[in-house]
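> Dropping a structure here in structure tokens format, bear with me for questions.
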Amino acid sequence: MAHIRWLGGLAGLALLAVGTGAAAHGSAAPRGRAPIERQAIYHEAPRFTLITQDGGRLALDDLRGKAVLVNFIYTTCPDVCPVATAKFRRVQALVRARGLAGQVALISISTDPDVDTPEVLKAYGRRSGADFAVWTFLTGPADAVSRVWERFGVVAVARARGDVNHSSMTFLLDRTGRFRLIYLGYGWREEDVETDIVRLLAPG
């Protein structure tokens with residue numbers, strides 16, 4: 001029962017994050033309500049195995065021992081996904097500059113798996129400046145990928161003209177595979193995420 005309540009809480013955050021993403025496109029936030037950009041949590045992340053941009057399989061358990069930053073994007077997205085990808089590119093540069101690349105994994109999971117084949121994701125990653133030793137793009141059969149969205153509390157709804165309306169959420173997991181922070185929308189600063197990662201990796 002506790003797990004069911006937790007998924008409900010993530011779903012609520014997902015709806016809030018969709019609203020936050022819309023605000024980034026010019027919709028005003030409700031009067032008197034400050035945007036929420038960062039939520040601290042501590043809970044086991046759902047396990048999954050998906051297909052990488054190289055056609056191999058990657059399980060979340062394969063990343064134990066690393067700090068893991070997860071977002072959800074699709075390659076033909078015209079607006080917020082390029083922002084999310086640029087932010088991941090900046091985080092990648094920051095952790096590499098600190099010499100932490102081997103202790104950090106960046107994971108981008110497709111919200112449009114019918115289009116985002118491994119080959120498409122690999123080309124997108126190359127265009128985006130991804131170091132595939134640090135940053136992995138994941139896809140898979142639609143039913144498998146949609147189960148991952150659901151378990152993370154991410155809402156993804158296909159719309160006309162190939163657009164996908166999806167939650168603007170980024171998750172930070174610790175070395176043991178537990179959620180530690182959710183960043184809602186894309187107003188967060190890359191340097192703040194870098195600081196959070198360094199704290200997670202600190203001994204003790």
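So you can find residues: chains in the structure tokens are A, B, ... in the order shown, residues in each start at 1, and ligands are numbered from 1 in order.
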Stretch 50-54 of chain A: which residues within 10 Å, counting only C-alpha atoms, same-chain residues fewer than 4 positions away excluded, as a PyMOL selection string?
chain A and resi 58-60+107-109+116-125+132+136-141+144-145+148
> Distance table requested - stretch 125-155 of chain A against stretch 178-190 of chain A, cut-off 12 Å, only C-alpha atoms: one row per qualifying residue with the closest atom pair and its distance in Å to one decimal, ordered by chain and rising residue number, as JSON lines.

{"residue": "A:Phe152", "atom": "CA", "partner": "A:Phe179", "partner_atom": "CA", "distance": 10.1}
{"residue": "A:Gly153", "atom": "CA", "partner": "A:Ile182", "partner_atom": "CA", "distance": 11.2}
{"residue": "A:Val154", "atom": "CA", "partner": "A:Leu184", "partner_atom": "CA", "distance": 11.3}
> One number please: atom CA of A:Arg151 to atom CA of A:Asp196, in Å, one decimal.
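Between atom CA of A:Arg151 and atom CA of A:Asp196 the gap works out to 23.3 Å.
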> If I take atom CA of A:Asp163 and atom CA of A:Arg57, how far is one from the other in Å, to one decimal?
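Distance reported for this atom pair: 26.6 Å.
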> I'd like the interatomic distance between atom CA of A:Asp174 and atom CA of A:Ala67, to a tenth of an Å.
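Atom CA of A:Ala67 lies at a distance of 4.8 Å from atom CA of A:Asp174.
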